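Engineer: Contents of work.pdb (PDB, C-alpha atoms) are below:
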MODEL        1
ATOM      1  CA  MET D 308      -3.499  -4.659  25.723  1.00  0.00           C
ATOM      2  CA  ALA D 309       0.224  -4.020  26.105  1.00  0.00           C
ATOM      3  CA  ASN D 310       0.800  -7.400  27.744  1.00  0.00           C
ATOM      4  CA  LEU D 311      -0.490  -9.365  24.737  1.00  0.00           C
ATOM      5  CA  PRO D 312       3.042  -9.979  23.368  1.00  0.00           C
ATOM      6  CA  SER D 313       4.207 -11.208  26.784  1.00  0.00           C
ATOM      7  CA  GLN D 314       1.291 -13.666  26.928  1.00  0.00           C
ATOM      8  CA  HIS D 315       2.637 -15.343  23.783  1.00  0.00           C
ATOM      9  CA  PRO D 316       6.446 -15.373  24.068  1.00  0.00           C
ATOM     10  CA  ASN D 317       6.828 -17.989  21.300  1.00  0.00           C
ATOM     11  CA  LEU D 318       4.981 -15.842  18.764  1.00  0.00           C
ATOM     12  CA  SER D 319       5.539 -12.597  16.943  1.00  0.00           C
ATOM     13  CA  VAL D 320       2.432 -10.408  17.228  1.00  0.00           C
ATOM     14  CA  HIS D 321       1.944  -7.108  15.464  1.00  0.00           C
ATOM     15  CA  LEU D 322      -1.012  -4.723  15.114  1.00  0.00           C
ATOM     16  CA  THR D 323      -0.618  -1.900  12.635  1.00  0.00           C
ATOM     17  CA  ASP D 324      -2.597   0.572  10.568  1.00  0.00           C
ATOM     18  CA  ARG D 325      -2.374   1.122   6.795  1.00  0.00           C
ATOM     19  CA  ALA D 326       0.588   3.449   7.273  1.00  0.00           C
ATOM     20  CA  LEU D 327       2.400   0.540   8.994  1.00  0.00           C
ATOM     21  CA  THR D 328       2.477   2.391  12.306  1.00  0.00           C
ATOM     22  CA  PRO D 329       2.830  -0.320  14.952  1.00  0.00           C
ATOM     23  CA  LEU D 330       0.140  -0.066  17.631  1.00  0.00           C
ATOM     24  CA  ILE D 331       1.151  -3.288  19.384  1.00  0.00           C
ATOM     25  CA  THR D 332       4.256  -5.284  18.599  1.00  0.00           C
ATOM     26  CA  SER D 333       6.353  -8.001  20.165  1.00  0.00           C
ATOM     27  CA  SER D 334       9.386  -6.710  18.299  1.00  0.00           C
ATOM     28  CA  ARG D 335      12.355  -5.855  20.473  1.00  0.00           C
ATOM     29  CA  SER D 336      14.758  -5.003  17.677  1.00  0.00           C
ATOM     30  CA  SER D 337      14.628  -2.763  14.646  1.00  0.00           C
ATOM     31  CA  HIS D 338      15.415  -5.736  12.379  1.00  0.00           C
ATOM     32  CA  LYS D 339      12.438  -7.729  13.683  1.00  0.00           C
ATOM     33  CA  LEU D 340      10.193  -4.657  13.485  1.00  0.00           C
ATOM     34  CA  GLN D 341      11.266  -4.131   9.876  1.00  0.00           C
ATOM     35  CA  SER D 342      10.496  -7.792   9.087  1.00  0.00           C
ATOM     36  CA  LEU D 343       7.036  -7.605  10.668  1.00  0.00           C
ATOM     37  CA  SER D 344       6.343  -4.339   8.845  1.00  0.00           C
ATOM     38  CA  SER D 345       7.387  -5.967   5.576  1.00  0.00           C
ATOM     39  CA  LEU D 346       5.009  -8.885   6.188  1.00  0.00           C
ATOM     40  CA  SER D 347       2.242  -6.397   6.996  1.00  0.00           C
ATOM     41  CA  HIS D 348       2.950  -4.429   3.819  1.00  0.00           C
ATOM     42  CA  THR D 349       2.739  -7.606   1.746  1.00  0.00           C
ATOM     43  CA  ALA D 350      -0.617  -8.466   3.349  1.00  0.00           C
ATOM     44  CA  LEU D 351      -1.918  -4.975   2.555  1.00  0.00           C
ATOM     45  CA  VAL D 352      -0.846  -5.422  -1.079  1.00  0.00           C
ATOM     46  CA  ALA D 353      -2.743  -8.736  -1.182  1.00  0.00           C
ATOM     47  CA  HIS D 354      -5.789  -7.001   0.339  1.00  0.00           C
ATOM     48  CA  GLU D 355      -5.681  -4.220  -2.262  1.00  0.00           C
ATOM     49  CA  SER D 356      -5.242  -6.774  -5.054  1.00  0.00           C
ATOM     50  CA  ALA D 357      -8.343  -8.663  -3.920  1.00  0.00           C
ATOM     51  CA  LEU D 358     -10.314  -5.409  -3.948  1.00  0.00           C
ATOM     52  CA  ARG D 359      -9.073  -4.458  -7.421  1.00  0.00           C
ATOM     53  CA  LEU D 360      -9.980  -7.883  -8.757  1.00  0.00           C
ATOM     54  CA  GLY D 361     -13.503  -7.461  -7.408  1.00  0.00           C
ATOM     55  CA  LEU D 362     -13.140 -10.292  -4.898  1.00  0.00           C
ATOM     56  CA  GLY D 363     -14.373  -8.188  -1.967  1.00  0.00           C
ATOM     57  CA  ASN D 364     -12.707  -7.474   1.358  1.00  0.00           C
ATOM     58  CA  PRO D 365     -10.679 -10.454   2.569  1.00  0.00           C
ATOM     59  CA  GLN D 366     -10.977 -11.068   6.301  1.00  0.00           C
ATOM     60  CA  ARG D 367      -7.899 -13.196   6.838  1.00  0.00           C
ATOM     61  CA  ILE D 368      -4.883 -14.677   5.127  1.00  0.00           C
ATOM     62  CA  MET D 369      -3.177 -17.771   6.485  1.00  0.00           C
ATOM     63  CA  VAL D 370       0.130 -19.132   5.238  1.00  0.00           C
ATOM     64  CA  GLU D 371       1.049 -22.583   6.499  1.00  0.00           C
ATOM     65  CA  TYR D 372       3.907 -24.794   5.357  1.00  0.00           C
ATOM     66  CA  ALA D 373       3.587 -28.572   5.134  1.00  0.00           C
ATOM     67  CA  SER D 374       6.915 -29.499   6.724  1.00  0.00           C
ATOM     68  CA  ASN D 375       6.361 -28.048  10.219  1.00  0.00           C
ATOM     69  CA  GLY D 376       7.437 -24.629   8.986  1.00  0.00           C
ATOM     70  CA  PRO D 377       6.244 -21.257  10.206  1.00  0.00           C
ATOM     71  CA  VAL D 378       2.569 -20.289  10.328  1.00  0.00           C
ATOM     72  CA  LEU D 379       1.534 -16.752   9.416  1.00  0.00           C
ATOM     73  CA  LEU D 380      -1.904 -15.285  10.170  1.00  0.00           C
ATOM     74  CA  HIS D 381      -3.053 -11.880   8.935  1.00  0.00           C
ATOM     75  CA  SER D 382      -6.431 -10.405   9.907  1.00  0.00           C
ATOM     76  CA  PHE D 383      -7.871  -7.317   8.238  1.00  0.00           C
ATOM     77  CA  LEU D 384      -9.943  -5.260  10.658  1.00  0.00           C
ATOM     78  CA  ILE D 385     -12.087  -3.246   8.288  1.00  0.00           C
ATOM     79  CA  PRO D 386     -14.014  -0.628  10.262  1.00  0.00           C
ATOM     80  CA  THR D 387     -17.751  -0.933  10.120  1.00  0.00           C
ATOM     81  CA  SER D 388     -19.802   2.213  10.412  1.00  0.00           C
ATOM     82  CA  PRO D 389     -19.055   4.155  13.603  1.00  0.00           C
ATOM     83  CA  CYS D 390     -22.629   3.547  14.791  1.00  0.00           C
ATOM     84  CA  GLN D 391     -22.187  -0.218  14.491  1.00  0.00           C
ATOM     85  CA  LEU D 392     -18.853  -0.091  16.298  1.00  0.00           C
ATOM     86  CA  LEU D 393     -20.387   1.813  19.173  1.00  0.00           C
ATOM     87  CA  ALA D 394     -23.480  -0.389  19.297  1.00  0.00           C
ATOM     88  CA  ASN D 395     -21.448  -3.593  19.365  1.00  0.00           C
ATOM     89  CA  GLY D 396     -18.641  -2.192  21.413  1.00  0.00           C
ATOM     90  CA  GLN D 397     -16.291  -4.316  19.350  1.00  0.00           C
ATOM     91  CA  GLY D 398     -17.736  -4.974  15.899  1.00  0.00           C
ATOM     92  CA  ASP D 399     -17.434  -8.433  14.353  1.00  0.00           C
ATOM     93  CA  LEU D 400     -14.972 -10.454  16.396  1.00  0.00           C
ATOM     94  CA  ALA D 401     -13.186 -13.526  15.278  1.00  0.00           C
ATOM     95  CA  THR D 402     -13.602 -16.236  17.823  1.00  0.00           C
ATOM     96  CA  GLU D 403     -11.323 -19.142  18.323  1.00  0.00           C
ATOM     97  CA  LYS D 404     -14.072 -21.282  16.768  1.00  0.00           C
ATOM     98  CA  GLY D 405     -14.269 -18.903  13.800  1.00  0.00           C
ATOM     99  CA  ILE D 406     -10.830 -19.782  12.488  1.00  0.00           C
ATOM    100  CA  GLN D 407     -10.658 -23.357  11.255  1.00  0.00           C
ATOM    101  CA  GLY D 408      -7.378 -24.918  10.238  1.00  0.00           C
ATOM    102  CA  GLN D 409      -6.167 -28.001   8.471  1.00  0.00           C
ATOM    103  CA  THR D 410      -7.254 -31.317   9.902  1.00  0.00           C
ATOM    104  CA  ALA D 411      -5.963 -34.787   9.230  1.00  0.00           C
ATOM    105  CA  GLY D 412      -6.802 -35.906   5.724  1.00  0.00           C
ATOM    106  CA  GLU D 413      -7.381 -32.447   4.245  1.00  0.00           C
ATOM    107  CA  ASP D 414      -5.142 -31.443   1.371  1.00  0.00           C
ATOM    108  CA  GLU D 415      -5.438 -27.712   1.908  1.00  0.00           C
ATOM    109  CA  PRO D 416      -6.201 -25.647   4.975  1.00  0.00           C
ATOM    110  CA  THR D 417      -9.522 -23.871   5.118  1.00  0.00           C
ATOM    111  CA  LEU D 418     -10.190 -20.545   6.692  1.00  0.00           C
ATOM    112  CA  ARG D 419     -13.680 -19.683   7.797  1.00  0.00           C
ATOM    113  CA  GLY D 420     -14.811 -16.473   9.450  1.00  0.00           C
ATOM    114  CA  GLU D 421     -17.906 -15.788  11.490  1.00  0.00           C
ATOM    115  CA  ALA D 422     -20.921 -14.840   9.406  1.00  0.00           C
ATOM    116  CA  SER D 423     -22.360 -11.404   9.864  1.00  0.00           C
ATOM    117  CA  THR D 424     -25.596 -11.300  11.798  1.00  0.00           C
ATOM    118  CA  SER D 425     -26.718  -8.095  10.133  1.00  0.00           C
ATOM    119  CA  THR D 426     -29.263  -8.352   7.329  1.00  0.00           C
ATOM    120  CA  THR D 427     -28.545  -4.877   6.023  1.00  0.00           C
ATOM    121  CA  PRO D 428     -25.686  -4.225   3.632  1.00  0.00           C
ATOM    122  CA  ARG D 429     -22.580  -3.199   5.481  1.00  0.00           C
ATOM    123  CA  GLN D 430     -20.499  -0.227   4.491  1.00  0.00           C
ATOM    124  CA  GLN D 431     -17.334  -2.268   4.712  1.00  0.00           C
ATOM    125  CA  ASP D 432     -18.379  -4.139   1.570  1.00  0.00           C
ATOM    126  CA  GLU D 433     -17.894  -0.929  -0.382  1.00  0.00           C
ATOM    127  CA  PRO D 434     -14.178  -0.246  -0.796  1.00  0.00           C
ATOM    128  CA  GLY D 435     -13.344   3.178   0.549  1.00  0.00           C
ATOM    129  CA  ALA D 436     -16.849   3.868   1.900  1.00  0.00           C
ATOM    130  CA  ILE D 437     -15.555   4.575   5.369  1.00  0.00           C
ATOM    131  CA  GLU D 438     -12.036   5.495   4.343  1.00  0.00           C
ATOM    132  CA  GLY D 439     -13.377   8.728   2.842  1.00  0.00           C
ATOM    133  CA  ASN D 440     -14.566   9.927   6.265  1.00  0.00           C
ATOM    134  CA  SER D 441     -11.599  11.562   7.998  1.00  0.00           C
ATOM    135  CA  ASN D 442     -13.128  10.826  11.413  1.00  0.00           C
ATOM    136  CA  ALA D 443     -13.688   7.135  10.697  1.00  0.00           C
ATOM    137  CA  PRO D 444     -11.538   4.595  12.513  1.00  0.00           C
ATOM    138  CA  PRO D 445      -8.648   3.294  10.421  1.00  0.00           C
ATOM    139  CA  MET D 446      -8.425  -0.163   8.937  1.00  0.00           C
ATOM    140  CA  LEU D 447      -6.090  -2.199  11.115  1.00  0.00           C
ATOM    141  CA  LEU D 448      -4.026  -5.254  10.276  1.00  0.00           C
ATOM    142  CA  SER D 449      -3.043  -7.891  12.796  1.00  0.00           C
ATOM    143  CA  THR D 450      -0.155 -10.228  12.122  1.00  0.00           C
ATOM    144  CA  VAL D 451       0.745 -13.313  14.128  1.00  0.00           C
ATOM    145  CA  LEU D 452       3.778 -15.397  13.204  1.00  0.00           C
ATOM    146  CA  ALA D 453       4.411 -18.796  14.801  1.00  0.00           C
ATOM    147  CA  PRO D 454       7.843 -20.394  14.359  1.00  0.00           C
ATOM    148  CA  THR D 455       6.452 -23.887  13.701  1.00  0.00           C
ATOM    149  CA  ALA D 456       3.158 -25.623  13.044  1.00  0.00           C
ATOM    150  CA  GLU D 457       3.269 -26.899  16.638  1.00  0.00           C
ATOM    151  CA  HIS D 458       2.302 -23.370  17.713  1.00  0.00           C
ATOM    152  CA  THR D 459      -0.670 -23.084  15.329  1.00  0.00           C
ATOM    153  CA  LEU D 460      -3.351 -23.330  18.017  1.00  0.00           C
ATOM    154  CA  GLU D 461      -1.597 -20.708  20.141  1.00  0.00           C
ATOM    155  CA  SER D 462      -1.229 -18.459  17.087  1.00  0.00           C
ATOM    156  CA  ARG D 463      -4.962 -18.698  16.350  1.00  0.00           C
ATOM    157  CA  ARG D 464      -5.786 -17.748  19.921  1.00  0.00           C
ATOM    158  CA  ALA D 465      -3.355 -14.840  19.782  1.00  0.00           C
ATOM    159  CA  ALA D 466      -4.860 -13.708  16.462  1.00  0.00           C
ATOM    160  CA  ALA D 467      -8.371 -13.741  17.955  1.00  0.00           C
ATOM    161  CA  ARG D 468      -7.168 -11.706  20.951  1.00  0.00           C
ATOM    162  CA  LEU D 469      -5.318  -9.260  18.729  1.00  0.00           C
ATOM    163  CA  GLU D 470      -8.463  -8.830  16.609  1.00  0.00           C
ATOM    164  CA  ARG D 471     -10.460  -8.104  19.762  1.00  0.00           C
ATOM    165  CA  VAL D 472      -7.955  -5.470  20.818  1.00  0.00           C
ATOM    166  CA  GLY D 473      -8.008  -3.938  17.333  1.00  0.00           C
ATOM    167  CA  ARG D 474     -11.811  -3.751  17.362  1.00  0.00           C
ATOM    168  CA  GLU D 475     -11.670  -2.079  20.780  1.00  0.00           C
ATOM    169  CA  VAL D 476      -9.242   0.506  19.376  1.00  0.00           C
ATOM    170  CA  GLN D 477     -11.604   1.147  16.457  1.00  0.00           C
ATOM    171  CA  ALA D 478     -14.599   1.451  18.798  1.00  0.00           C
ATOM    172  CA  LYS D 479     -12.779   3.950  21.034  1.00  0.00           C
ATOM    173  CA  TRP D 480     -11.697   5.884  17.930  1.00  0.00           C
ATOM    174  CA  ALA D 481     -15.320   6.049  16.727  1.00  0.00           C
ATOM    175  CA  GLU D 482     -16.491   7.098  20.193  1.00  0.00           C
ATOM    176  CA  ALA D 483     -13.901   9.883  20.374  1.00  0.00           C
ATOM    177  CA  SER D 484     -14.788  11.038  16.849  1.00  0.00           C
ATOM    178  CA  GLN D 485     -18.480  11.213  17.676  1.00  0.00           C
ATOM    179  CA  ARG D 486     -17.727  13.066  20.905  1.00  0.00           C
ATOM    180  CA  ASP D 487     -15.579  15.557  18.950  1.00  0.00           C
ATOM    181  CA  GLU D 488     -18.345  16.047  16.358  1.00  0.00           C
ATOM    182  CA  PHE D 489     -20.882  16.606  19.125  1.00  0.00           C
ATOM    183  CA  THR D 490     -18.742  19.204  20.922  1.00  0.00           C
ATOM    184  CA  ALA D 491     -17.838  20.898  17.622  1.00  0.00           C
ATOM    185  CA  GLY D 492     -21.549  21.341  16.898  1.00  0.00           C
ATOM    186  CA  ASP D 493     -22.074  23.347  20.102  1.00  0.00           C
TER
ENDMDL
END
For this file, write the structure as structure tokens.
Structural biologist:
Amino acid sequence: MANLPSQHPNLSVHLTDRALTPLITSSRSSHKLQSLSSLSHTALVAHESALRLGLGNPQRIMVEYASNGPVLLHSFLIPTSPCQLLANGQGDLATEKGIQGQTAGEDEPTLRGEASTSTTPRQQDEPGAIEGNSNAPPMLLSTVLAPTAEHTLESRRAAARLERVGREVQAKWAEASQRDEFTAGD
């Protein structure tokens, strides 16, 4: 987990919660940490705006510039119910195949996530359904910033790995919460 930033030295990687507490970061300076936190805050504002507009929970935001500029990937790790997290061990994971980018001839990039295999309505589709439970795992936000479009593939791989780590954190949180509830009931 802690070596994820060292596996991608060309990228800035950052995993945070809603309070912008960094759980994993490649930042080595306060200025860079402040910049990554600012990007994370902006992504959270976009997430909240989508919810307020009734657009549902966005899974990812990708910002890509046409002239070989930086590439920014944000992933929102909305906790599913604690039971689902424990059953899956990781929840819904983004795979490297689940994030599709711009190909030759396309005007705009597309972003596609993996479809849910569950046929029952998920709690994450209801804003605040899990947030109201104080023992629920927090929503996490992963941010990956590549300096140029040449690093897009690497940034997608890093984003998928960071999502996996975030889901593991949420699963362990749910496990600890259930263990605490069980021991409190004795």
Engineer: Let me make sure I understand: among D:Leu340, D:Ala456, D:Leu384, D:Val476, which one has the smallest atom-to-atom distance to Val370 of chain D if we use all atoms listed in the file?
Structural biologist: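 Closest to Val370 of chain D of all the choices is D:Ala456.
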Engineer: Atom CA of Ala483 of chain D and atom CA of Ala443 of chain D are how many Å apart?
Structural biologist: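 Pair atom CA of Ala483 of chain D / atom CA of Ala443 of chain D returns 10.1 Å.
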Engineer: To one decimal place, how far is atom CA of Ile368 of chain D from atom CA of Leu380 of chain D in Å?
Structural biologist: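 The value is 5.9 Å.
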Engineer: Using only C-alpha atoms, which of the listed residues (D:Leu469, D:Ala491, D:Ala453, D:Leu346) sits closest to Tyr372 of chain D?
Structural biologist: D:Ala453
Engineer: Suppose you want the space between atom CA of Ala326 of chain D and atom CA of Ser345 of chain D; what is it in Å?
Structural biologist: 11.7 Å
Engineer: Do you know which residues are at most 10 Å from His321 of chain D counting all atoms listed in the file, after dropping those on the same chain fewer than 4 positions away, and could you put them as number ranges by chain?
Structural biologist: D: 311-312, 329-334, 340, 343-344, 346-347, 381, 448-452, 466, 469
Engineer: Show me, as a list of chain:residue names, the residues that have an atom within 12 Å of Glu355 of chain D when counting only C-alpha atoms, minus same-chain residues fewer than 4 positions from it.
Structural biologist: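 Surrounding residues, per the criterion: D:Arg325, D:His348, D:Thr349, D:Ala350, D:Leu351, D:Arg359, D:Leu360, D:Gly361, D:Leu362, D:Gly363, D:Asn364, D:Pro365, D:Phe383, D:Pro434, D:Gly435.
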Engineer: Neighbouring residues of His458 of chain D were defined as those with any atom within 9 Å, considering all atoms listed in the file; residues of the same chain fewer than 5 positions away were excluded. Please report them as number ranges by chain.
Structural biologist: D: 317-318, 377-378, 453, 463
Engineer: May I ask which of the residues D:Gln314, D:Glu482, D:Thr455, D:Gln477 is the closest one to Ser374 of chain D, counting all atoms listed in the file?
Structural biologist: D:Thr455
Engineer: Here is a test: counting all atoms listed in the file, which residue of D:Gly376, D:Pro445, D:Pro454, D:Pro316 is nearest to Arg474 of chain D?
Structural biologist: D:Pro445
